[in-house]
$ cat run05.cif   # mmCIF, C-alpha atoms, pLDDT in the B column; chains and numbers go by the auth columns
data_final
loop_
_atom_site.group_PDB
_atom_site.id
_atom_site.type_symbol
_atom_site.label_atom_id
_atom_site.label_comp_id
_atom_site.label_asym_id
_atom_site.label_seq_id
_atom_site.Cartn_x
_atom_site.Cartn_y
_atom_site.Cartn_z
_atom_site.B_iso_or_equiv
_atom_site.auth_seq_id
_atom_site.auth_asym_id
ATOM 1 C CA MET A 1 8.261 -13.705 7.618 90.00 1047 A
ATOM 2 C CA THR A 2 10.638 -10.761 8.019 96.00 1048 A
ATOM 3 C CA VAL A 3 14.214 -10.875 6.757 98.00 1049 A
ATOM 4 C CA LEU A 4 17.101 -8.448 7.143 98.00 1050 A
ATOM 5 C CA VAL A 5 19.601 -8.567 4.275 97.00 1051 A
ATOM 6 C CA VAL A 6 22.812 -6.690 5.010 96.00 1052 A
ATOM 7 C CA ALA A 7 25.955 -6.135 3.013 92.00 1053 A
ATOM 8 C CA GLY A 8 29.349 -4.999 4.210 83.00 1054 A
ATOM 9 C CA SER A 9 29.351 -2.397 1.468 75.00 1055 A
ATOM 10 C CA ASN A 10 26.858 -0.082 -0.158 68.00 1056 A
ATOM 11 C CA ARG A 11 28.512 -0.499 -3.560 72.00 1057 A
ATOM 12 C CA GLY A 12 30.272 -3.165 -5.577 85.00 1058 A
ATOM 13 C CA VAL A 13 29.521 -6.842 -6.059 90.00 1059 A
ATOM 14 C CA THR A 14 28.577 -7.521 -2.424 91.00 1060 A
ATOM 15 C CA HIS A 15 25.881 -4.855 -2.482 92.00 1061 A
ATOM 16 C CA GLN A 16 24.655 -5.975 -5.918 94.00 1062 A
ATOM 17 C CA VAL A 17 24.262 -9.539 -4.633 96.00 1063 A
ATOM 18 C CA ALA A 18 22.379 -8.257 -1.571 96.00 1064 A
ATOM 19 C CA GLU A 19 20.015 -6.324 -3.846 96.00 1065 A
ATOM 20 C CA VAL A 20 19.277 -9.441 -5.923 96.00 1066 A
ATOM 21 C CA ILE A 21 18.689 -11.474 -2.740 97.00 1067 A
ATOM 22 C CA ALA A 22 16.265 -8.865 -1.379 97.00 1068 A
ATOM 23 C CA GLU A 23 14.406 -8.602 -4.679 97.00 1069 A
ATOM 24 C CA SER A 24 14.193 -12.373 -5.068 96.00 1070 A
ATOM 25 C CA LEU A 25 12.836 -12.901 -1.541 97.00 1071 A
ATOM 26 C CA GLY A 26 10.349 -10.081 -2.095 97.00 1072 A
ATOM 27 C CA ARG A 27 8.988 -11.927 -5.121 95.00 1073 A
ATOM 28 C CA ARG A 28 8.166 -14.789 -2.751 95.00 1074 A
ATOM 29 C CA ASP A 29 6.099 -12.402 -0.585 94.00 1075 A
ATOM 30 C CA ILE A 30 8.732 -12.342 2.149 96.00 1076 A
ATOM 31 C CA GLU A 31 9.072 -8.957 3.860 97.00 1077 A
ATOM 32 C CA VAL A 32 12.665 -7.802 3.318 98.00 1078 A
ATOM 33 C CA THR A 33 14.709 -4.912 4.664 97.00 1079 A
ATOM 34 C CA LEU A 34 17.934 -4.212 2.787 96.00 1080 A
ATOM 35 C CA GLY A 35 20.672 -2.564 4.830 91.00 1081 A
ATOM 36 C CA GLU A 36 24.330 -2.480 5.791 86.00 1082 A
ATOM 37 C CA VAL A 37 26.135 -4.556 8.417 84.00 1083 A
ATOM 38 C CA GLY A 38 25.744 -1.641 10.816 85.00 1084 A
ATOM 39 C CA ASP A 39 22.022 -2.500 10.823 92.00 1085 A
ATOM 40 C CA LEU A 40 22.767 -5.708 12.712 93.00 1086 A
ATOM 41 C CA ASP A 41 21.852 -3.786 15.860 93.00 1087 A
ATOM 42 C CA ARG A 42 18.234 -4.293 14.690 94.00 1088 A
ATOM 43 C CA VAL A 43 18.537 -8.084 14.376 94.00 1089 A
ATOM 44 C CA VAL A 44 15.890 -8.801 17.040 95.00 1090 A
ATOM 45 C CA GLU A 45 13.272 -7.123 14.815 95.00 1091 A
ATOM 46 C CA PHE A 46 13.594 -9.887 12.213 96.00 1092 A
ATOM 47 C CA GLU A 47 12.979 -13.606 11.969 95.00 1093 A
ATOM 48 C CA ALA A 48 15.944 -14.242 9.671 97.00 1094 A
ATOM 49 C CA VAL A 49 19.141 -12.470 8.640 98.00 1095 A
ATOM 50 C CA ILE A 50 21.314 -12.773 5.550 98.00 1096 A
ATOM 51 C CA ILE A 51 24.764 -11.198 5.926 97.00 1097 A
ATOM 52 C CA GLY A 52 27.228 -10.514 3.128 95.00 1098 A
ATOM 53 C CA SER A 53 30.789 -9.276 2.982 92.00 1099 A
ATOM 54 C CA GLY A 54 33.635 -8.981 0.577 89.00 1100 A
ATOM 55 C CA ALA A 55 35.986 -11.927 0.969 87.00 1101 A
ATOM 56 C CA GLU A 56 39.453 -12.919 -0.032 84.00 1102 A
ATOM 57 C CA SER A 57 40.686 -16.517 0.121 84.00 1103 A
ATOM 58 C CA GLY A 58 37.706 -17.577 2.236 86.00 1104 A
ATOM 59 C CA LYS A 59 38.218 -14.834 4.784 89.00 1105 A
ATOM 60 C CA TRP A 60 36.085 -11.847 5.719 89.00 1106 A
ATOM 61 C CA PRO A 61 37.547 -8.519 6.835 87.00 1107 A
ATOM 62 C CA ALA A 62 38.002 -8.328 10.589 85.00 1108 A
ATOM 63 C CA GLU A 63 35.557 -5.400 10.819 86.00 1109 A
ATOM 64 C CA ALA A 64 32.676 -7.458 9.377 86.00 1110 A
ATOM 65 C CA GLY A 65 33.595 -10.426 11.543 88.00 1111 A
ATOM 66 C CA GLU A 66 33.678 -8.265 14.661 90.00 1112 A
ATOM 67 C CA LEU A 67 30.220 -6.840 13.935 89.00 1113 A
ATOM 68 C CA CYS A 68 28.871 -10.361 13.533 91.00 1114 A
ATOM 69 C CA ARG A 69 30.503 -11.432 16.782 91.00 1115 A
ATOM 70 C CA ARG A 70 29.128 -8.389 18.601 94.00 1116 A
ATOM 71 C CA TYR A 71 25.590 -9.497 17.745 95.00 1117 A
ATOM 72 C CA ALA A 72 26.251 -13.246 17.892 95.00 1118 A
ATOM 73 C CA ASP A 73 23.959 -13.849 20.879 95.00 1119 A
ATOM 74 C CA ALA A 74 20.996 -12.352 19.012 95.00 1120 A
ATOM 75 C CA LEU A 75 21.987 -13.847 15.661 96.00 1121 A
ATOM 76 C CA THR A 76 22.147 -17.382 17.043 95.00 1122 A
ATOM 77 C CA GLN A 77 18.454 -16.978 17.942 94.00 1123 A
ATOM 78 C CA GLN A 78 17.621 -16.241 14.272 93.00 1124 A
ATOM 79 C CA GLN A 79 17.878 -18.132 11.036 96.00 1125 A
ATOM 80 C CA VAL A 80 21.141 -16.852 9.512 97.00 1126 A
ATOM 81 C CA TRP A 81 22.794 -17.257 6.124 98.00 1127 A
ATOM 82 C CA LEU A 82 26.115 -15.782 4.982 97.00 1128 A
ATOM 83 C CA PHE A 83 27.358 -14.852 1.537 96.00 1129 A
ATOM 84 C CA SER A 84 30.588 -13.462 0.165 94.00 1130 A
ATOM 85 C CA ALA A 85 31.687 -11.705 -2.989 92.00 1131 A
ATOM 86 C CA PRO A 86 35.087 -10.558 -4.206 88.00 1132 A
ATOM 87 C CA VAL A 87 36.706 -7.743 -2.269 80.00 1133 A
ATOM 88 C CA GLU A 88 36.163 -4.467 -4.069 67.00 1134 A
ATOM 89 C CA GLU A 89 39.003 -2.901 -5.991 59.00 1135 A
ATOM 90 C CA ASN A 90 41.174 -0.613 -3.892 52.00 1136 A
ATOM 91 C CA SER A 91 39.940 -2.313 -0.714 55.00 1137 A
ATOM 92 C CA ALA A 92 42.463 -4.047 1.438 54.00 1138 A
ATOM 93 C CA ILE A 93 41.452 -6.543 4.085 54.00 1139 A
ATOM 94 C CA ARG A 94 43.019 -5.483 7.364 61.00 1140 A
ATOM 95 C CA GLY A 95 42.853 -8.478 9.627 68.00 1141 A
ATOM 96 C CA GLU A 96 40.745 -11.459 8.686 84.00 1142 A
ATOM 97 C CA VAL A 97 38.255 -13.946 10.018 89.00 1143 A
ATOM 98 C CA GLU A 98 37.741 -17.371 8.476 90.00 1144 A
ATOM 99 C CA VAL A 99 34.265 -17.960 7.046 93.00 1145 A
ATOM 100 C CA PRO A 100 33.914 -21.406 8.740 94.00 1146 A
ATOM 101 C CA GLU A 101 34.631 -19.706 12.072 93.00 1147 A
ATOM 102 C CA LEU A 102 31.783 -17.247 11.458 93.00 1148 A
ATOM 103 C CA LEU A 103 29.450 -20.032 10.343 95.00 1149 A
ATOM 104 C CA ALA A 104 30.037 -21.796 13.638 95.00 1150 A
ATOM 105 C CA ALA A 105 29.897 -18.669 15.816 94.00 1151 A
ATOM 106 C CA LEU A 106 26.556 -17.607 14.344 95.00 1152 A
ATOM 107 C CA ALA A 107 25.097 -21.099 13.870 96.00 1153 A
ATOM 108 C CA ALA A 108 24.543 -20.004 10.273 97.00 1154 A
ATOM 109 C CA ARG A 109 22.713 -22.411 7.984 97.00 1155 A
ATOM 110 C CA ASP A 110 24.858 -21.881 4.887 97.00 1156 A
ATOM 111 C CA HIS A 111 27.496 -19.759 3.183 96.00 1157 A
ATOM 112 C CA LYS A 112 27.658 -19.030 -0.534 97.00 1158 A
ATOM 113 C CA TYR A 113 30.442 -17.308 -2.462 95.00 1159 A
ATOM 114 C CA PHE A 114 29.348 -15.308 -5.515 95.00 1160 A
ATOM 115 C CA PRO A 115 32.220 -14.386 -7.841 92.00 1161 A
ATOM 116 C CA SER A 116 29.794 -12.053 -9.647 90.00 1162 A
ATOM 117 C CA PRO A 117 26.261 -10.755 -9.103 90.00 1163 A
ATOM 118 C CA ASP A 118 24.874 -13.238 -11.663 95.00 1164 A
ATOM 119 C CA PRO A 119 21.114 -12.985 -10.978 95.00 1165 A
ATOM 120 C CA ASP A 120 20.422 -16.617 -11.925 96.00 1166 A
ATOM 121 C CA GLU A 121 23.009 -17.960 -9.491 96.00 1167 A
ATOM 122 C CA VAL A 122 21.937 -15.615 -6.706 97.00 1168 A
ATOM 123 C CA MET A 123 18.241 -16.361 -7.257 96.00 1169 A
ATOM 124 C CA ALA A 124 18.867 -20.127 -7.156 97.00 1170 A
ATOM 125 C CA TRP A 125 20.476 -19.783 -3.714 97.00 1171 A
ATOM 126 C CA THR A 126 17.769 -17.384 -2.579 97.00 1172 A
ATOM 127 C CA SER A 127 15.094 -19.853 -3.658 96.00 1173 A
ATOM 128 C CA PHE A 128 16.717 -22.428 -1.364 96.00 1174 A
ATOM 129 C CA ILE A 129 16.552 -19.914 1.502 97.00 1175 A
ATOM 130 C CA ALA A 130 12.932 -18.988 0.759 97.00 1176 A
ATOM 131 C CA ASP A 131 11.984 -22.682 0.791 95.00 1177 A
ATOM 132 C CA GLU A 132 13.572 -23.065 4.220 95.00 1178 A
ATOM 133 C CA LEU A 133 11.845 -19.928 5.500 94.00 1179 A
ATOM 134 C CA GLU A 134 8.502 -21.194 4.225 91.00 1180 A
ATOM 135 C CA GLY A 135 9.117 -24.646 5.695 89.00 1181 A
ATOM 136 C CA ASN A 136 9.270 -26.344 2.293 70.00 1182 A
ATOM 137 C CA SER A 137 12.726 -27.879 2.506 56.00 1183 A
#
$ encode --input "run05.cif" --output "structure tokens"
Amino acid sequence: MTVLVVAGSNRGVTHQVAEVIAESLGRRDIEVTLGEVGDLDRVVEFEAVIIGSGAESGKWPAEAGELCRRYADALTQQQVWLFSAPVEENSAIRGEVEVPELLAALAARDHKYFPSPDPDEVMAWTSFIADELEGNS
């Protein structure tokens, strides 16, 4: 099983959560590539994709939403999960896309909001994903 884990940022809580997700899946012997949302152009190389972005009031920045929409045709052919974390300090969301809208557009299996990169909370969600990937759910 190959999984692409991407985060809308290479720093801050969103990236920290993505790192924990990648590490946790790796412990389950799942092949993981950790990247940024710009790596969604490689989506066809993977069997599953986990996408994260900073969020505010249940909304992703328009830029992250647009990237997801650009690759929606390919993403709907994959197993997809979404996660959000607080928007980083000094980052303003210009334009917004509702998370439920993205869930529907990508046929994503789940969305989880992480207010912090608490490893236990992230690993519990990741365990759920790994079970689904391994066909154990």
$ resolve_selection --input "run05.cif" --expression "the PyMOL selection byres ((chain A and resi 1111) around 9)" --output "PyMOL selection string"
chain A and resi 1106-1110+1112-1116+1142-1145+1148
$ resolve_selection --input "run05.cif" --expression "the PyMOL selection byres ((chain A and resi 1149) around 12)" --output "tab-separated table (two decimals) with C-alpha atoms, in the frame of the given file"
chain	number	residue	atom	x	y	z
A	1096	ILE	CA	21.31	-12.77	5.55
A	1097	ILE	CA	24.76	-11.20	5.93
A	1104	GLY	CA	37.71	-17.58	2.24
A	1105	LYS	CA	38.22	-14.83	4.78
A	1106	TRP	CA	36.08	-11.85	5.72
A	1111	GLY	CA	33.60	-10.43	11.54
A	1114	CYS	CA	28.87	-10.36	13.53
A	1115	ARG	CA	30.50	-11.43	16.78
A	1118	ALA	CA	26.25	-13.25	17.89
A	1121	LEU	CA	21.99	-13.85	15.66
A	1122	THR	CA	22.15	-17.38	17.04
A	1125	GLN	CA	17.88	-18.13	11.04
A	1126	VAL	CA	21.14	-16.85	9.51
A	1127	TRP	CA	22.79	-17.26	6.12
A	1128	LEU	CA	26.12	-15.78	4.98
A	1129	PHE	CA	27.36	-14.85	1.54
A	1143	VAL	CA	38.26	-13.95	10.02
A	1144	GLU	CA	37.74	-17.37	8.48
A	1145	VAL	CA	34.26	-17.96	7.05
A	1146	PRO	CA	33.91	-21.41	8.74
A	1147	GLU	CA	34.63	-19.71	12.07
A	1148	LEU	CA	31.78	-17.25	11.46
A	1150	ALA	CA	30.04	-21.80	13.64
A	1151	ALA	CA	29.90	-18.67	15.82
A	1152	LEU	CA	26.56	-17.61	14.34
A	1153	ALA	CA	25.10	-21.10	13.87
A	1154	ALA	CA	24.54	-20.00	10.27
A	1155	ARG	CA	22.71	-22.41	7.98
A	1156	ASP	CA	24.86	-21.88	4.89
A	1157	HIS	CA	27.50	-19.76	3.18
A	1158	LYS	CA	27.66	-19.03	-0.53
$ closest_atom_pairs --input "run05.cif" --of "region 1103-1170 of chain A" --to "region 1066-1080 of chain A" --cutoff "7 Å" --atoms "all atoms listed in the file" --output "CSV"
residue,atom,partner,partner_atom,distance
A:Pro1165,CA,A:Val1066,CA,6.4
A:Val1168,CA,A:Ile1067,CA,6.6
A:Met1169,CA,A:Ser1070,CA,6.1
$ residues_near_point --input "run05.cif" --point "(24.7, -7.1, -6.3)" --cutoff "12 Å" --atoms "all atoms listed in the file" --output "PDB file with C-alpha atoms, keeping the file's coordinate frame"
ATOM      1  CA  VAL A1051      19.601  -8.567   4.275  1.00 97.00           C
ATOM      2  CA  VAL A1052      22.812  -6.690   5.010  1.00 96.00           C
ATOM      3  CA  ALA A1053      25.955  -6.135   3.013  1.00 92.00           C
ATOM      4  CA  GLY A1054      29.349  -4.999   4.210  1.00 83.00           C
ATOM      5  CA  SER A1055      29.351  -2.397   1.468  1.00 75.00           C
ATOM      6  CA  ASN A1056      26.858  -0.082  -0.158  1.00 68.00           C
ATOM      7  CA  ARG A1057      28.512  -0.499  -3.560  1.00 72.00           C
ATOM      8  CA  GLY A1058      30.272  -3.165  -5.577  1.00 85.00           C
ATOM      9  CA  VAL A1059      29.521  -6.842  -6.059  1.00 90.00           C
ATOM     10  CA  THR A1060      28.577  -7.521  -2.424  1.00 91.00           C
ATOM     11  CA  HIS A1061      25.881  -4.855  -2.482  1.00 92.00           C
ATOM     12  CA  GLN A1062      24.655  -5.975  -5.918  1.00 94.00           C
ATOM     13  CA  VAL A1063      24.262  -9.539  -4.633  1.00 96.00           C
ATOM     14  CA  ALA A1064      22.379  -8.257  -1.571  1.00 96.00           C
ATOM     15  CA  GLU A1065      20.015  -6.324  -3.846  1.00 96.00           C
ATOM     16  CA  VAL A1066      19.277  -9.441  -5.923  1.00 96.00           C
ATOM     17  CA  ILE A1067      18.689 -11.474  -2.740  1.00 97.00           C
ATOM     18  CA  ALA A1068      16.265  -8.865  -1.379  1.00 97.00           C
ATOM     19  CA  GLU A1069      14.406  -8.602  -4.679  1.00 97.00           C
ATOM     20  CA  SER A1070      14.193 -12.373  -5.068  1.00 96.00           C
ATOM     21  CA  LEU A1080      17.934  -4.212   2.787  1.00 96.00           C
ATOM     22  CA  GLY A1098      27.228 -10.514   3.128  1.00 95.00           C
ATOM     23  CA  SER A1099      30.789  -9.276   2.982  1.00 92.00           C
ATOM     24  CA  GLY A1100      33.635  -8.981   0.577  1.00 89.00           C
ATOM     25  CA  PHE A1129      27.358 -14.852   1.537  1.00 96.00           C
ATOM     26  CA  SER A1130      30.588 -13.462   0.165  1.00 94.00           C
ATOM     27  CA  ALA A1131      31.687 -11.705  -2.989  1.00 92.00           C
ATOM     28  CA  PRO A1132      35.087 -10.558  -4.206  1.00 88.00           C
ATOM     29  CA  GLU A1134      36.163  -4.467  -4.069  1.00 67.00           C
ATOM     30  CA  PHE A1160      29.348 -15.308  -5.515  1.00 95.00           C
ATOM     31  CA  PRO A1161      32.220 -14.386  -7.841  1.00 92.00           C
ATOM     32  CA  SER A1162      29.794 -12.053  -9.647  1.00 90.00           C
ATOM     33  CA  PRO A1163      26.261 -10.755  -9.103  1.00 90.00           C
ATOM     34  CA  ASP A1164      24.874 -13.238 -11.663  1.00 95.00           C
ATOM     35  CA  PRO A1165      21.114 -12.985 -10.978  1.00 95.00           C
ATOM     36  CA  ASP A1166      20.422 -16.617 -11.925  1.00 96.00           C
ATOM     37  CA  GLU A1167      23.009 -17.960  -9.491  1.00 96.00           C
ATOM     38  CA  VAL A1168      21.937 -15.615  -6.706  1.00 97.00           C
ATOM     39  CA  MET A1169      18.241 -16.361  -7.257  1.00 96.00           C
TER      40      MET A1169
END
$ atom_distance --input "run05.cif" --atom1 "CA of Tyr1159 (chain A)" --atom2 "CA of Thr1172 (chain A)"
12.7 Å
$ atom_distance --input "run05.cif" --atom1 "CA of Val1049 (chain A)" --atom2 "CA of Ala1094 (chain A)"
4.8 Å
$ atom_distance --input "run05.cif" --atom1 "CA of Met1047 (chain A)" --atom2 "CA of Glu1093 (chain A)"
6.4 Å
